[in-house]
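Engineer: Please read through the structure below; I'll follow up with questions.
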Amino acid sequence: MRNPFTAPALPLQTAPTNTVTKRLFVAATRMNDGKTTTCLGLYAAMQGIYPRVGFIKPIGQRFVTVKGHQIDEDSVLLDTIYDVHVPIESMSPVAVDGTFTRRFLRDPEPMLAELQDRICRAFDRVSWEKDFTLIEGTGHAGVGSVFDLSNARVAKLLHAKALMITPGGIGRPIDEIAINKALFDREGVEVVGVILNKVEADKISIVAEYAGKGLARFGVPLLGIIPKQNLLTSPNLSQVAEEISGRWLNAPAAKTLHRIQNVIVGAGSAKGLIDNLAPGTLVITPGDRDDIILAALLSGRMAGRSAVAGLVLTNDIAPHSTLMELLKQTDIPVILAADECFTITSKIHGMTVKTLPEDTDKFPVIKQMVLDHVDLKRLLASV
């Protein structure tokens, strides 16, 4: 006999109950195409159009723990910037950890039903009393296929049309759009348009003409071309320290942003270093090059403020104690690293720079580039 005091289990949802809120699924053709950055700009733009805007990233692969929940980093980022006013766990209902795929493949059917239910309920929650909900995908259209929840299938599950983000160009982007669109087509999801990202400013007109023609042949409109923004690919010093596994000898002041615009290896003369200094320069040099370190230190006093955004001292060699005391009297951050100059420089140049909550200088630029370079009216007319 059923216990009359036990609430009956709710049936698993196979679709959202919300059919009113406008929605858009944002996907990319590859990793690091600028999808998250574009979503940040789109969300800000939508706030200027709709009174209430929701956000969800149904499936996340890079996550942090927030109040006991595994939350995708992009959901944390967007909520930190915009304060979405929904429970953070609903913005990131599924986190793919190291054993996720194996658990799914051992017993797919019940786990798939539970995942679909979780995504649908989360969507209903973030879309409650909202006018528009932005849905961020994970990678290209096929990511998640191994557990039957590819981006294309999630878009179908949430009854959303798709917008695709791809790096600028003509041939390769169109090829990749064709592959990804085929997966969305198979699921019955309409691709409403494409945004080309990171296009060199002097190539925008030719890319607009020919990429537009190429995409039109697939029935997909070109809705925007976003020019390359050096600021968005410039790391801050904390990101550099993490990338090279460095430790702070002279840490920057709290909440002080040191954006790296230029990297110089101090292997030549001190004069050569000074001649090439520009604002936002990171100097990489062995810790026993007292002349280079002193030149970097004095550059600030000569110019009124330092052009040196930071010093990376290599080979695990700390500077002389007297020189270190002088550095501590400045605002020049100093990082000590074990690798030699070439290895460290290669790591920095090879960094994938993500936008972080502390990157407050980037947010106005991201918003403005979407407002200036994306046909929002045409986009919204299609969803």
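Letters A, B, ... go to the chains of the structure tokens in the order shown; residues in each chain start at 1; ligands are counted from 1 in the same order.
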Using only C-alpha atoms, find each residue in region 174-252 of chain A having at least one atom no more than 10 Å away from region 339-345 of chain A; report its shortest atom-to-atom pair and that distance in Å (one decimal), rows by chain then rising number, as JSON lines.
Structural biologist:
```
{"residue": "A:Val240", "atom": "CA", "partner": "A:Ile344", "partner_atom": "CA", "distance": 9.5}
{"residue": "A:Glu243", "atom": "CA", "partner": "A:Ile344", "partner_atom": "CA", "distance": 8.9}
{"residue": "A:Ile244", "atom": "CA", "partner": "A:Ile344", "partner_atom": "CA", "distance": 6.3}
{"residue": "A:Ser245", "atom": "CA", "partner": "A:Asp339", "partner_atom": "CA", "distance": 9.2}
{"residue": "A:Gly246", "atom": "CA", "partner": "A:Asp339", "partner_atom": "CA", "distance": 9.2}
```
Engineer: Quick one: residues within 12 Å of Ile348 (chain A), only C-alpha atoms counted, chain neighbours fewer than 5 positions away excluded, as a CSV table (one decimal) with N, CA and C atoms, in the first residue's frame?
Structural biologist:
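Below is the file that was written, selection.csv:
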```
chain,number,residue,atom,x,y,z
A,233,THR,N,42.2,39.1,-26.6
A,233,THR,CA,43.1,38.0,-26.6
A,233,THR,C,44.4,38.3,-25.8
A,234,SER,N,44.4,39.4,-25.0
A,234,SER,CA,45.5,39.8,-24.2
A,234,SER,C,45.3,39.3,-22.8
A,235,PRO,N,46.1,38.4,-22.2
A,235,PRO,CA,45.9,37.9,-20.9
A,235,PRO,C,46.2,38.9,-19.8
A,236,ASN,N,45.7,38.7,-18.7
A,236,ASN,CA,46.1,39.5,-17.5
A,236,ASN,C,47.3,38.7,-16.8
A,237,LEU,N,48.0,39.4,-15.9
A,237,LEU,CA,49.2,38.8,-15.3
A,237,LEU,C,48.9,37.5,-14.5
A,238,SER,N,47.7,37.5,-13.9
A,238,SER,CA,47.3,36.3,-13.1
A,238,SER,C,47.2,35.1,-14.0
A,239,GLN,N,46.6,35.3,-15.2
A,239,GLN,CA,46.5,34.2,-16.1
A,239,GLN,C,47.9,33.7,-16.6
A,240,VAL,N,48.8,34.6,-16.8
A,240,VAL,CA,50.2,34.3,-17.2
A,240,VAL,C,50.8,33.5,-16.1
A,241,ALA,N,50.7,33.9,-14.9
A,241,ALA,CA,51.3,33.2,-13.7
A,241,ALA,C,50.8,31.8,-13.6
A,242,GLU,N,49.5,31.6,-13.9
A,242,GLU,CA,49.0,30.2,-13.8
A,242,GLU,C,49.5,29.4,-15.0
A,243,GLU,N,49.6,30.0,-16.2
A,243,GLU,CA,50.0,29.2,-17.4
A,243,GLU,C,51.4,28.7,-17.2
A,244,ILE,N,52.3,29.5,-16.6
A,244,ILE,CA,53.7,29.1,-16.5
A,244,ILE,C,54.1,28.5,-15.2
A,245,SER,N,53.1,28.3,-14.4
A,245,SER,CA,53.3,27.7,-13.0
A,245,SER,C,54.2,28.5,-12.2
A,260,ILE,N,48.5,42.3,-20.4
A,260,ILE,CA,49.8,42.1,-21.1
A,260,ILE,C,49.5,42.4,-22.6
A,261,GLN,N,50.1,43.4,-23.1
A,261,GLN,CA,49.9,43.8,-24.5
A,261,GLN,C,51.2,43.5,-25.3
A,262,ASN,N,52.3,43.3,-24.7
A,262,ASN,CA,53.6,43.1,-25.4
A,262,ASN,C,54.5,42.2,-24.5
A,263,VAL,N,55.3,41.4,-25.2
A,263,VAL,CA,56.2,40.5,-24.4
A,263,VAL,C,57.6,40.8,-25.0
A,264,ILE,N,58.6,41.0,-24.1
A,264,ILE,CA,60.0,41.2,-24.5
A,264,ILE,C,60.8,40.2,-23.7
A,265,VAL,N,61.7,39.5,-24.4
A,265,VAL,CA,62.7,38.7,-23.7
A,265,VAL,C,64.0,39.5,-23.5
A,282,LEU,N,55.4,42.9,-20.8
A,282,LEU,CA,55.9,41.8,-19.9
A,282,LEU,C,57.3,41.5,-20.2
A,283,VAL,N,58.2,41.7,-19.3
A,283,VAL,CA,59.6,41.4,-19.5
A,283,VAL,C,60.0,40.0,-18.9
A,284,ILE,N,60.6,39.2,-19.8
A,284,ILE,CA,61.0,37.8,-19.4
A,284,ILE,C,62.5,37.8,-19.4
A,312,VAL,N,58.9,38.5,-15.4
A,312,VAL,CA,59.0,37.0,-15.2
A,312,VAL,C,60.5,36.7,-15.1
A,341,CYS,N,63.8,30.9,-20.7
A,341,CYS,CA,63.1,32.0,-21.4
A,341,CYS,C,62.3,31.5,-22.6
A,342,PHE,N,62.9,30.6,-23.4
A,342,PHE,CA,62.2,30.2,-24.6
A,342,PHE,C,60.9,29.5,-24.3
A,343,THR,N,61.0,28.5,-23.3
A,343,THR,CA,59.8,27.7,-23.0
A,343,THR,C,58.7,28.6,-22.4
A,353,VAL,N,43.2,32.6,-24.2
A,353,VAL,CA,42.8,33.6,-23.2
A,353,VAL,C,41.3,33.6,-23.1
```
Engineer: Might you pull out every residue within 12 Å of Gly142 (chain A), with only C-alpha atoms counted and same-chain residues fewer than 6 positions away left off, and present them as a count of residues only?
Structural biologist: 22
Engineer: Excluding Thr14 (chain A) and its own-chain neighbours fewer than 6 positions away, which residues fall within 9 Å of it when counting only C-alpha atoms? Please give them as a list in words.
Structural biologist: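 Listing them by chain and then by number gives Ala113, Gln116, Asp117, Cys120 and Leu157 of chain A.
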Engineer: Any chance you can output those residues with N, CA and C atoms as a short mmCIF file (atom, residue, chain, number, x, y, z; two decimals), in the first residue's frame?
Structural biologist:
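New file selection-v1.cif:
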```cif
data_model
loop_
_atom_site.label_atom_id
_atom_site.label_comp_id
_atom_site.auth_asym_id
_atom_site.auth_seq_id
_atom_site.Cartn_x
_atom_site.Cartn_y
_atom_site.Cartn_z
N ALA A 113 17.21 9.73 -19.83
CA ALA A 113 15.90 10.27 -19.43
C ALA A 113 16.06 11.26 -18.28
N GLN A 116 17.71 14.57 -19.63
CA GLN A 116 16.74 15.36 -20.38
C GLN A 116 15.78 16.07 -19.43
N ASP A 117 15.32 15.35 -18.43
CA ASP A 117 14.41 15.92 -17.44
C ASP A 117 15.09 17.09 -16.72
N CYS A 120 15.35 20.14 -19.11
CA CYS A 120 14.05 20.78 -19.35
C CYS A 120 13.56 21.55 -18.13
N LEU A 157 15.59 19.60 -28.18
CA LEU A 157 14.91 19.31 -26.92
C LEU A 157 14.26 20.58 -26.35
#
```
Engineer: Could you check the closest approach to Asp375 (chain A) for each of A:Gly41, A:Gly171, A:Pro252, A:Gly224 and tell me which residue wins, using only C-alpha atoms?
Structural biologist: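 Comparing A:Gly41, A:Gly171, A:Pro252, A:Gly224 against Asp375 (chain A), the winner is A:Gly224.
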Engineer: Check the smallest atom-to-atom distance from each of A:Leu78, A:Val370, A:Val94, A:Leu277 to Pro227 (chain A) using only C-alpha atoms, then report the winner.
Structural biologist: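 Using only C-alpha atoms, Pro227 (chain A) sits closest to A:Val370.
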Engineer: Could you pull the residues within 7 Å of Glu73 (chain A), counting only C-alpha atoms, minus those fewer than 3 positions along the same chain, as number ranges by chain?
Structural biologist: A: 62-64, 76-77
Engineer: Keeping only N, CA and C atoms, take the residues you just selected and write them out as a PDB file, in the first residue's frame.
Structural biologist:
```pdb
ATOM      1  N   ARG A  62      33.698  22.482 -18.360  1.00  0.00           N
ATOM      2  CA  ARG A  62      34.662  23.119 -17.458  1.00  0.00           C
ATOM      3  C   ARG A  62      33.850  23.764 -16.339  1.00  0.00           C
ATOM      4  N   PHE A  63      34.028  23.255 -15.122  1.00  0.00           N
ATOM      5  CA  PHE A  63      33.132  23.703 -14.068  1.00  0.00           C
ATOM      6  C   PHE A  63      33.892  23.975 -12.772  1.00  0.00           C
ATOM      7  N   VAL A  64      33.230  24.727 -11.906  1.00  0.00           N
ATOM      8  CA  VAL A  64      33.727  24.999 -10.562  1.00  0.00           C
ATOM      9  C   VAL A  64      32.608  24.631  -9.591  1.00  0.00           C
ATOM     10  N   VAL A  76      28.944  30.844 -14.460  1.00  0.00           N
ATOM     11  CA  VAL A  76      29.428  31.647 -13.336  1.00  0.00           C
ATOM     12  C   VAL A  76      29.859  33.025 -13.827  1.00  0.00           C
ATOM     13  N   LEU A  77      30.575  33.044 -14.950  1.00  0.00           N
ATOM     14  CA  LEU A  77      31.051  34.305 -15.513  1.00  0.00           C
ATOM     15  C   LEU A  77      29.886  35.230 -15.843  1.00  0.00           C
TER      16      LEU A  77
END
```
Engineer: Do a neighbour search on Ala338 (chain A) at 6 Å with only C-alpha atoms, toss out local chain neighbours closer than 5 positions, and write the hits as a ChimeraX atom specification.
Structural biologist: /A:314-316
Engineer: Please save N, CA and C atoms of the selected residues as a compact mmCIF listing (two decimals), in the first residue's frame.
Structural biologist:
```
# COMPACT_ATOMS: atom_id res chain seq x y z
N THR A 314 63.24 33.82 -14.86
CA THR A 314 63.28 32.43 -15.30
C THR A 314 64.36 31.62 -14.58
N ASN A 315 64.39 30.32 -14.90
CA ASN A 315 65.40 29.38 -14.40
C ASN A 315 65.38 29.26 -12.88
N ASP A 316 64.27 29.69 -12.27
CA ASP A 316 64.12 29.61 -10.81
C ASP A 316 65.23 30.37 -10.07
```
